[in-house]
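File shown: input-v8.cif. Contents: mmCIF, C-alpha atoms.
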```cif
data_query
loop_
_atom_site.group_PDB
_atom_site.id
_atom_site.type_symbol
_atom_site.label_atom_id
_atom_site.label_comp_id
_atom_site.auth_asym_id
_atom_site.auth_seq_id
_atom_site.Cartn_x
_atom_site.Cartn_y
_atom_site.Cartn_z
ATOM 1 C CA MET Z 1 23.448 -16.166 -10.314
ATOM 2 C CA TYR Z 2 22.199 -16.266 -6.716
ATOM 3 C CA PRO Z 3 24.094 -13.136 -5.490
ATOM 4 C CA LEU Z 4 22.698 -11.061 -8.364
ATOM 5 C CA ASN Z 5 19.188 -12.370 -7.805
ATOM 6 C CA ASP Z 6 19.471 -11.814 -4.038
ATOM 7 C CA TRP Z 7 20.621 -8.224 -4.580
ATOM 8 C CA LEU Z 8 17.815 -7.574 -7.091
ATOM 9 C CA VAL Z 9 15.131 -8.974 -4.779
ATOM 10 C CA LYS Z 10 16.354 -6.957 -1.784
ATOM 11 C CA ARG Z 11 16.499 -3.807 -3.888
ATOM 12 C CA ILE Z 12 13.012 -4.413 -5.297
ATOM 13 C CA MET Z 13 11.645 -4.966 -1.756
ATOM 14 C CA LYS Z 14 13.239 -1.723 -0.556
ATOM 15 C CA LEU Z 15 11.819 0.185 -3.517
ATOM 16 C CA ALA Z 16 8.373 -1.376 -3.012
ATOM 17 C CA ARG Z 17 8.401 -0.101 0.584
ATOM 18 C CA GLU Z 18 9.457 3.352 -0.642
ATOM 19 C CA VAL Z 19 6.654 3.333 -3.237
ATOM 20 C CA ASN Z 20 4.117 2.530 -0.512
ATOM 21 C CA SER Z 21 5.503 5.235 1.802
ATOM 22 C CA SER Z 22 5.468 7.907 -0.895
ATOM 23 C CA ARG Z 23 1.981 6.851 -2.026
ATOM 24 C CA ASP Z 24 0.761 7.064 1.582
ATOM 25 C CA ALA Z 25 2.218 10.564 1.931
ATOM 26 C CA ARG Z 26 0.523 11.745 -1.275
ATOM 27 C CA VAL Z 27 -2.824 10.190 -0.338
ATOM 28 C CA LYS Z 28 -2.608 11.727 3.151
ATOM 29 C CA ILE Z 29 -2.045 15.203 1.707
ATOM 30 C CA ALA Z 30 -4.828 14.738 -0.864
ATOM 31 C CA THR Z 31 -7.229 13.527 1.829
ATOM 32 C CA GLU Z 32 -6.427 16.502 4.040
ATOM 33 C CA VAL Z 33 -6.987 18.870 1.116
ATOM 34 C CA ILE Z 34 -10.312 17.247 0.255
ATOM 35 C CA HIS Z 35 -11.499 17.561 3.852
ATOM 36 C CA ALA Z 36 -10.434 21.217 3.992
ATOM 37 C CA VAL Z 37 -11.422 22.279 0.482
ATOM 38 C CA ARG Z 38 -13.634 25.133 1.745
ATOM 39 C CA LEU Z 39 -10.785 26.557 3.791
ATOM 40 C CA VAL Z 40 -8.398 26.230 0.850
ATOM 41 C CA LYS Z 41 -10.856 28.099 -1.368
ATOM 42 C CA MET Z 42 -11.589 30.813 1.200
ATOM 43 C CA LEU Z 43 -7.897 31.496 1.783
ATOM 44 C CA ALA Z 44 -6.986 31.166 -1.923
ATOM 45 C CA TRP Z 45 -4.397 28.469 -1.236
ATOM 46 C CA GLU Z 46 -5.046 26.578 -4.455
ATOM 47 C CA GLU Z 47 -1.572 27.160 -5.931
ATOM 48 C CA GLN Z 48 0.229 26.169 -2.729
ATOM 49 C CA VAL Z 49 -1.877 23.033 -2.377
ATOM 50 C CA ILE Z 50 -1.305 22.094 -6.035
ATOM 51 C CA GLU Z 51 2.455 22.509 -5.522
ATOM 52 C CA LEU Z 52 2.383 20.434 -2.328
ATOM 53 C CA VAL Z 53 0.407 17.581 -3.878
ATOM 54 C CA GLY Z 54 2.480 17.801 -7.078
ATOM 55 C CA GLU Z 55 5.708 17.560 -5.069
ATOM 56 C CA LYS Z 56 4.472 14.408 -3.316
ATOM 57 C CA ARG Z 57 3.327 12.947 -6.646
ATOM 58 C CA THR Z 58 6.691 13.695 -8.287
ATOM 59 C CA LYS Z 59 8.521 11.967 -5.454
ATOM 60 C CA GLU Z 60 6.185 8.994 -5.749
ATOM 61 C CA MET Z 61 6.711 8.791 -9.525
ATOM 62 C CA ASP Z 62 10.516 8.898 -9.080
ATOM 63 C CA VAL Z 63 10.368 5.953 -6.689
ATOM 64 C CA ILE Z 64 7.979 4.072 -8.996
ATOM 65 C CA ALA Z 65 10.367 4.678 -11.934
ATOM 66 C CA ARG Z 66 13.285 3.228 -9.944
ATOM 67 C CA PHE Z 67 11.110 0.290 -8.853
ATOM 68 C CA LYS Z 68 10.104 -0.438 -12.443
ATOM 69 C CA SER Z 69 13.720 -0.115 -13.625
ATOM 70 C CA PHE Z 70 14.802 -2.813 -11.206
ATOM 71 C CA ALA Z 71 11.804 -4.930 -12.169
ATOM 72 C CA VAL Z 72 12.861 -4.666 -15.835
ATOM 73 C CA LEU Z 73 16.451 -5.558 -14.903
ATOM 74 C CA ASN Z 74 15.176 -8.557 -12.949
ATOM 75 C CA GLY Z 75 13.065 -9.618 -15.936
ATOM 76 C CA MET Z 76 15.986 -9.218 -18.349
ATOM 77 C CA VAL Z 77 18.200 -11.367 -16.150
ATOM 78 C CA TRP Z 78 15.629 -14.120 -15.968
ATOM 79 C CA GLN Z 79 14.683 -13.808 -19.642
ATOM 80 C CA GLY Z 80 18.354 -14.070 -20.584
ATOM 81 C CA VAL Z 81 19.086 -17.137 -18.452
ATOM 82 C CA PRO Z 82 17.014 -19.554 -20.584
ATOM 83 C CA LEU Z 83 18.806 -18.281 -23.696
ATOM 84 C CA LEU Z 84 22.232 -18.774 -22.133
ATOM 85 C CA LEU Z 85 21.376 -22.110 -20.526
ATOM 86 C CA PRO Z 86 21.891 -24.256 -23.681
ATOM 87 C CA LEU Z 87 25.165 -22.463 -24.406
ATOM 88 C CA VAL Z 88 26.472 -23.028 -20.883
ATOM 89 C CA THR Z 89 25.199 -26.618 -20.804
ATOM 90 C CA PHE Z 90 26.773 -27.667 -24.115
ATOM 91 C CA THR Z 91 30.012 -25.783 -23.389
ATOM 92 C CA SER Z 92 30.344 -27.537 -20.038
ATOM 93 C CA PHE Z 93 29.556 -30.873 -21.639
ATOM 94 C CA ILE Z 94 32.281 -30.396 -24.263
ATOM 95 C CA LEU Z 95 34.837 -29.142 -21.701
ATOM 96 C CA LEU Z 96 34.190 -32.221 -19.560
ATOM 97 C CA GLY Z 97 35.083 -34.405 -22.552
ATOM 98 C CA GLY Z 98 31.682 -35.233 -23.922
ATOM 99 C CA GLU Z 99 30.911 -35.583 -27.609
ATOM 100 C CA LEU Z 100 27.846 -33.923 -29.073
ATOM 101 C CA GLU Z 101 25.571 -36.227 -31.046
ATOM 102 C CA PRO Z 102 22.319 -35.167 -32.772
ATOM 103 C CA GLY Z 103 20.090 -37.317 -30.541
ATOM 104 C CA LEU Z 104 21.684 -35.960 -27.381
ATOM 105 C CA VAL Z 105 21.568 -32.348 -28.594
ATOM 106 C CA PHE Z 106 17.897 -32.463 -29.670
ATOM 107 C CA SER Z 107 16.701 -34.225 -26.511
ATOM 108 C CA SER Z 108 18.713 -31.756 -24.374
ATOM 109 C CA LEU Z 109 17.235 -28.801 -26.280
ATOM 110 C CA ALA Z 110 13.726 -30.213 -25.790
ATOM 111 C CA LEU Z 111 14.295 -30.511 -22.031
ATOM 112 C CA LEU Z 112 15.802 -27.036 -21.817
ATOM 113 C CA ASP Z 113 12.854 -25.669 -23.791
ATOM 114 C CA MET Z 114 10.504 -27.169 -21.199
ATOM 115 C CA VAL Z 115 12.422 -25.247 -18.519
ATOM 116 C CA ARG Z 116 12.211 -21.973 -20.473
ATOM 117 C CA ILE Z 117 8.537 -21.233 -19.680
ATOM 118 C CA PRO Z 118 8.925 -21.539 -15.898
ATOM 119 C CA MET Z 119 12.153 -19.528 -16.104
ATOM 120 C CA ASN Z 120 10.331 -16.784 -18.043
ATOM 121 C CA LEU Z 121 7.511 -16.693 -15.490
ATOM 122 C CA PHE Z 122 9.865 -16.651 -12.517
ATOM 123 C CA PRO Z 123 10.602 -12.861 -12.506
ATOM 124 C CA GLN Z 124 6.900 -12.027 -12.596
ATOM 125 C CA ALA Z 125 6.241 -14.429 -9.749
ATOM 126 C CA LEU Z 126 9.181 -12.963 -7.868
ATOM 127 C CA GLN Z 127 7.842 -9.420 -8.205
ATOM 128 C CA VAL Z 128 4.387 -10.484 -7.052
ATOM 129 C CA LEU Z 129 5.883 -12.317 -4.069
ATOM 130 C CA VAL Z 130 7.924 -9.240 -3.144
ATOM 131 C CA GLN Z 131 4.816 -7.057 -3.252
ATOM 132 C CA ILE Z 132 2.896 -9.619 -1.184
ATOM 133 C CA LYS Z 133 5.714 -9.650 1.393
ATOM 134 C CA VAL Z 134 5.719 -5.859 1.645
ATOM 135 C CA GLY Z 135 1.917 -5.807 1.961
ATOM 136 C CA MET Z 136 1.956 -8.520 4.625
ATOM 137 C CA ASP Z 137 4.568 -6.556 6.596
ATOM 138 C CA ARG Z 138 2.355 -3.461 6.456
ATOM 139 C CA ILE Z 139 -0.698 -5.416 7.609
ATOM 140 C CA GLU Z 140 1.343 -7.006 10.404
ATOM 141 C CA ASN Z 141 2.541 -3.569 11.552
ATOM 142 C CA LEU Z 142 -1.014 -2.262 11.485
ATOM 143 C CA LEU Z 143 -2.407 -5.193 13.445
ATOM 144 C CA GLY Z 144 0.493 -5.078 15.894
ATOM 145 C CA ALA Z 145 0.103 -1.343 16.508
ATOM 146 C CA GLU Z 146 -1.133 0.013 19.800
ATOM 147 C CA GLU Z 147 -4.877 0.370 20.095
ATOM 148 C CA VAL Z 148 -5.712 3.912 19.044
ATOM 149 C CA GLN Z 149 -9.359 3.653 20.066
ATOM 150 C CA GLN Z 150 -8.407 2.884 23.671
ATOM 151 C CA LEU Z 151 -6.161 5.955 23.775
ATOM 152 C CA ALA Z 152 -8.947 8.108 22.347
ATOM 153 C CA LEU Z 153 -11.415 6.863 24.973
ATOM 154 C CA THR Z 154 -8.908 7.585 27.724
ATOM 155 C CA ASP Z 155 -8.495 11.164 26.429
ATOM 156 C CA ILE Z 156 -12.259 11.690 26.312
ATOM 157 C CA GLU Z 157 -12.698 10.351 29.846
ATOM 158 C CA ALA Z 158 -9.904 12.609 31.106
ATOM 159 C CA SER Z 159 -11.411 15.699 29.458
ATOM 160 C CA HIS Z 160 -14.855 15.035 30.996
ATOM 161 C CA ALA Z 161 -13.559 14.070 34.440
ATOM 162 C CA GLY Z 162 -14.340 17.473 35.971
ATOM 163 C CA ASP Z 163 -17.645 17.988 34.158
ATOM 164 C CA GLU Z 164 -20.764 17.024 36.006
ATOM 165 C CA GLN Z 165 -23.456 16.423 33.497
ATOM 166 C CA PRO Z 166 -27.007 15.884 34.661
ATOM 167 C CA ARG Z 167 -28.253 12.372 34.308
ATOM 168 C CA CYS Z 168 -31.755 11.515 33.155
ATOM 169 C CA ASP Z 169 -32.724 9.811 36.395
ATOM 170 C CA ASP Z 170 -31.730 12.952 38.425
ATOM 171 C CA ALA Z 171 -33.805 15.374 36.332
ATOM 172 C CA GLU Z 172 -37.325 16.225 37.357
ATOM 173 C CA LEU Z 173 -39.550 15.780 34.348
ATOM 174 C CA PRO Z 174 -43.186 16.865 34.359
ATOM 175 C CA THR Z 175 -45.665 14.130 33.745
ATOM 176 C CA PRO Z 176 -48.278 15.331 31.260
ATOM 177 C CA SER Z 177 -51.840 14.213 31.557
ATOM 178 C CA ALA Z 178 -53.821 13.064 28.584
ATOM 179 C CA GLY Z 179 -56.392 15.834 28.880
ATOM 180 C CA GLN Z 180 -53.869 18.705 28.579
ATOM 181 C CA PRO Z 181 -53.248 20.382 25.211
ATOM 182 C CA ALA Z 182 -49.887 19.876 23.544
ATOM 183 C CA TYR Z 183 -48.498 23.320 24.510
ATOM 184 C CA ALA Z 184 -49.297 22.695 28.160
ATOM 185 C CA ARG Z 185 -47.591 19.301 28.066
ATOM 186 C CA GLY Z 186 -44.340 20.832 26.694
ATOM 187 C CA GLY Z 187 -44.885 19.360 23.222
ATOM 188 C CA ALA Z 188 -43.865 20.716 19.830
ATOM 189 C CA ASP Z 189 -46.541 23.431 19.907
ATOM 190 C CA SER Z 190 -45.485 24.861 23.299
ATOM 191 C CA ARG Z 191 -43.332 27.600 21.735
ATOM 192 C CA ASP Z 192 -46.266 28.960 19.750
ATOM 193 C CA GLY Z 193 -48.655 29.178 22.662
ATOM 194 C CA PRO Z 194 -52.288 28.206 22.385
ATOM 195 C CA SER Z 195 -53.706 28.375 18.930
ATOM 196 C CA ALA Z 196 -56.942 30.215 18.300
#
```
Encoded form (structure tokens):
Amino acid sequence: MYPLNDWLVKRIMKLAREVNSSRDARVKIATEVIHAVRLVKMLAWEEQVIELVGEKRTKEMDVIARFKSFAVLNGMVWQGVPLLLPLVTFTSFILLGGELEPGLVFSSLALLDMVRIPMNLFPQALQVLVQIKVGMDRIENLLGAEEVQQLALTDIEASHAGDEQPRCDDAELPTPSAGQPAYARGGADSRDGPSA
């Protein structure tokens, strides 16, 4: 049972990563289209953009379908185990030379029935744990990534290295006196000249 379960879990993890990658690609394209919607409209690229987003969505849906197929297979395996458990248990007991008695059979069935609920919940818990693992790996990669902000600041500093911009303390600013009208002080009305 372990090799099958191990294979299913690894396959589900791989498909969960593929689902996230394809979803990221589709969301990236959709975000770019939303930011450039005016350009798309001006150049009449609607059909091309719809095809591009549709292609990404189709790929994402294919991966999701495979992911769900393996999730169903995992659920069927774990749903079937509790049904086969009494059969395997009683068959082993008989092959080892035991004799079935009503008291032993009913108490064994009661204990196996108590195990059925956790066994039925196990595939759901397994799928959630796989998705948590994939999400934690993505967060870890994001937090372990190189600092993008530092690189951006370095690029800005390099682009302004040759520019000499005037600083406020170097500029000569006139000092207005309180008795001058606003246009003489360089205020908001200075463009209009003196008003009559």
Contact table range 86-144 of chain Z vs range 46-67 of chain Z, cut-off 12 Å, shortest pair per residue, only C-alpha atoms, as a tab-separated table:
```
residue	atom	partner	partner_atom	distance
Z:Gln127	CA	Z:Phe67	CA	10.3
Z:Val130	CA	Z:Phe67	CA	11.6
Z:Gln131	CA	Z:Phe67	CA	11.2
```
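From CA of Ile29 in chain Z back to CA of Ile139 in chain Z, the distance works out to 21.5 Å.
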Practice task
Would you mind reading off the distance between CA of Leu4 in chain Z and CA of Ser108 in chain Z, one decimal, in Å?
Solution key: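 CA of Ser108 in chain Z lies at a distance of 26.5 Å from CA of Leu4 in chain Z.
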Exercise for the section: Skip Met119 in chain Z itself and residues of its chain fewer than 4 positions away, then list as a list of chain:residue names all residues within 9 Å of it, counting all atoms listed in the file. Expected result: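 My list of contacting residues is Z:Trp78, Z:Gln79, Z:Val81, Z:Pro82, Z:Val115, Z:Pro123.
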Practice task
Could you check how far CA of Arg138 in chain Z sits from CA of Ile12 in chain Z, in Å to one decimal?
Solution key: 15.9 Å
Grab all the atoms of range 122-128 of chain Z that the file lists, wrap them in a box along x, y and z, add 5 Å per side, and give me centre plus edge lengths in Å (one decimal) as JSON.
```
{"center_x": 7.5, "center_y": -13.0, "center_z": -9.8, "size_x": 16.2, "size_y": 17.2, "size_z": 15.5}
```
Handout entry: Pick from Z:Leu85, Z:Val72, Z:Met42, Z:Leu95, whichever lies nearest to Leu111 in chain Z using only C-alpha atoms
Key =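 Looking only at the distances to Leu111 in chain Z, the closest residue turns out to be Z:Leu85.
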Handout entry: Z:Leu112, Z:Val134, Z:Ile34, Z:Val77 ranked by distance to Glu18 in chain Z, top pick (using all atoms listed in the file)
Key =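 Ranking Z:Leu112, Z:Val134, Z:Ile34, Z:Val77 by distance to Glu18 in chain Z, first place goes to Z:Val134.
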Practice task
Between Z:Gly144, Z:Gly80, Z:Gly98, Z:Gly135, single out the one closest to Met13 in chain Z, counting only C-alpha atoms.
Solution key: Z:Gly135
Handout entry: Pick from Z:Leu129, Z:Arg116, Z:Pro86, Z:Val40 nearest to Lys10 in chain Z, counting all atoms listed in the file
Key = Z:Leu129
Since the input lacks some atoms of range 5-24 of chain Z, please model N, CA, C and O atoms and print them as a PDB file, keeping the file's coordinate frame.
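Wrote out.pdb, looks like this:
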```
ATOM      1  N   ASN Z   5      20.617 -12.256  -8.069  1.00  0.00           N
ATOM      2  CA  ASN Z   5      19.188 -12.370  -7.805  1.00  0.00           C
ATOM      3  C   ASN Z   5      18.860 -11.885  -6.392  1.00  0.00           C
ATOM      4  O   ASN Z   5      17.865 -11.192  -6.179  1.00  0.00           O
ATOM      5  N   ASP Z   6      19.692 -12.241  -5.417  1.00  0.00           N
ATOM      6  CA  ASP Z   6      19.471 -11.814  -4.038  1.00  0.00           C
ATOM      7  C   ASP Z   6      19.520 -10.296  -3.942  1.00  0.00           C
ATOM      8  O   ASP Z   6      18.659  -9.670  -3.307  1.00  0.00           O
ATOM      9  N   TRP Z   7      20.510  -9.676  -4.596  1.00  0.00           N
ATOM     10  CA  TRP Z   7      20.621  -8.224  -4.580  1.00  0.00           C
ATOM     11  C   TRP Z   7      19.408  -7.577  -5.243  1.00  0.00           C
ATOM     12  O   TRP Z   7      18.864  -6.592  -4.732  1.00  0.00           O
ATOM     13  N   LEU Z   8      18.980  -8.131  -6.389  1.00  0.00           N
ATOM     14  CA  LEU Z   8      17.815  -7.574  -7.091  1.00  0.00           C
ATOM     15  C   LEU Z   8      16.559  -7.658  -6.233  1.00  0.00           C
ATOM     16  O   LEU Z   8      15.789  -6.698  -6.147  1.00  0.00           O
ATOM     17  N   VAL Z   9      16.343  -8.802  -5.592  1.00  0.00           N
ATOM     18  CA  VAL Z   9      15.131  -8.974  -4.779  1.00  0.00           C
ATOM     19  C   VAL Z   9      15.144  -8.012  -3.594  1.00  0.00           C
ATOM     20  O   VAL Z   9      14.128  -7.381  -3.286  1.00  0.00           O
ATOM     21  N   LYS Z  10      16.277  -7.886  -2.924  1.00  0.00           N
ATOM     22  CA  LYS Z  10      16.354  -6.957  -1.784  1.00  0.00           C
ATOM     23  C   LYS Z  10      16.124  -5.522  -2.235  1.00  0.00           C
ATOM     24  O   LYS Z  10      15.442  -4.750  -1.560  1.00  0.00           O
ATOM     25  N   ARG Z  11      16.673  -5.161  -3.370  1.00  0.00           N
ATOM     26  CA  ARG Z  11      16.499  -3.807  -3.888  1.00  0.00           C
ATOM     27  C   ARG Z  11      15.035  -3.560  -4.282  1.00  0.00           C
ATOM     28  O   ARG Z  11      14.483  -2.493  -4.015  1.00  0.00           O
ATOM     29  N   ILE Z  12      14.425  -4.550  -4.912  1.00  0.00           N
ATOM     30  CA  ILE Z  12      13.012  -4.413  -5.297  1.00  0.00           C
ATOM     31  C   ILE Z  12      12.129  -4.292  -4.055  1.00  0.00           C
ATOM     32  O   ILE Z  12      11.192  -3.488  -4.027  1.00  0.00           O
ATOM     33  N   MET Z  13      12.431  -5.071  -2.997  1.00  0.00           N
ATOM     34  CA  MET Z  13      11.645  -4.966  -1.756  1.00  0.00           C
ATOM     35  C   MET Z  13      11.791  -3.585  -1.138  1.00  0.00           C
ATOM     36  O   MET Z  13      10.808  -2.994  -0.677  1.00  0.00           O
ATOM     37  N   LYS Z  14      13.016  -3.054  -1.123  1.00  0.00           N
ATOM     38  CA  LYS Z  14      13.239  -1.723  -0.556  1.00  0.00           C
ATOM     39  C   LYS Z  14      12.474  -0.671  -1.355  1.00  0.00           C
ATOM     40  O   LYS Z  14      11.819   0.209  -0.784  1.00  0.00           O
ATOM     41  N   LEU Z  15      12.533  -0.781  -2.673  1.00  0.00           N
ATOM     42  CA  LEU Z  15      11.819   0.185  -3.517  1.00  0.00           C
ATOM     43  C   LEU Z  15      10.308   0.042  -3.385  1.00  0.00           C
ATOM     44  O   LEU Z  15       9.587   1.035  -3.439  1.00  0.00           O
ATOM     45  N   ALA Z  16       9.818  -1.185  -3.204  1.00  0.00           N
ATOM     46  CA  ALA Z  16       8.373  -1.376  -3.012  1.00  0.00           C
ATOM     47  C   ALA Z  16       7.918  -0.704  -1.717  1.00  0.00           C
ATOM     48  O   ALA Z  16       6.845  -0.085  -1.670  1.00  0.00           O
ATOM     49  N   ARG Z  17       8.733  -0.792  -0.670  1.00  0.00           N
ATOM     50  CA  ARG Z  17       8.401  -0.101   0.584  1.00  0.00           C
ATOM     51  C   ARG Z  17       8.407   1.412   0.376  1.00  0.00           C
ATOM     52  O   ARG Z  17       7.537   2.120   0.900  1.00  0.00           O
ATOM     53  N   GLU Z  18       9.396   1.916  -0.366  1.00  0.00           N
ATOM     54  CA  GLU Z  18       9.457   3.352  -0.642  1.00  0.00           C
ATOM     55  C   GLU Z  18       8.260   3.813  -1.463  1.00  0.00           C
ATOM     56  O   GLU Z  18       7.723   4.897  -1.228  1.00  0.00           O
ATOM     57  N   VAL Z  19       7.836   2.999  -2.434  1.00  0.00           N
ATOM     58  CA  VAL Z  19       6.654   3.333  -3.237  1.00  0.00           C
ATOM     59  C   VAL Z  19       5.434   3.451  -2.330  1.00  0.00           C
ATOM     60  O   VAL Z  19       4.663   4.413  -2.419  1.00  0.00           O
ATOM     61  N   ASN Z  20       5.266   2.491  -1.423  1.00  0.00           N
ATOM     62  CA  ASN Z  20       4.117   2.530  -0.512  1.00  0.00           C
ATOM     63  C   ASN Z  20       4.179   3.745   0.406  1.00  0.00           C
ATOM     64  O   ASN Z  20       3.161   4.401   0.647  1.00  0.00           O
ATOM     65  N   SER Z  21       5.366   4.073   0.916  1.00  0.00           N
ATOM     66  CA  SER Z  21       5.503   5.235   1.802  1.00  0.00           C
ATOM     67  C   SER Z  21       5.187   6.526   1.062  1.00  0.00           C
ATOM     68  O   SER Z  21       4.462   7.386   1.586  1.00  0.00           O
ATOM     69  N   SER Z  22       5.731   6.675  -0.143  1.00  0.00           N
ATOM     70  CA  SER Z  22       5.468   7.907  -0.895  1.00  0.00           C
ATOM     71  C   SER Z  22       4.009   7.988  -1.337  1.00  0.00           C
ATOM     72  O   SER Z  22       3.422   9.072  -1.341  1.00  0.00           O
ATOM     73  N   ARG Z  23       3.409   6.860  -1.669  1.00  0.00           N
ATOM     74  CA  ARG Z  23       1.981   6.851  -2.026  1.00  0.00           C
ATOM     75  C   ARG Z  23       1.135   7.237  -0.811  1.00  0.00           C
ATOM     76  O   ARG Z  23       0.183   8.005  -0.922  1.00  0.00           O
ATOM     77  N   ASP Z  24       1.488   6.709   0.363  1.00  0.00           N
ATOM     78  CA  ASP Z  24       0.761   7.064   1.582  1.00  0.00           C
ATOM     79  C   ASP Z  24       0.852   8.555   1.870  1.00  0.00           C
ATOM     80  O   ASP Z  24      -0.139   9.181   2.263  1.00  0.00           O
TER      81      ASP Z  24
END
```
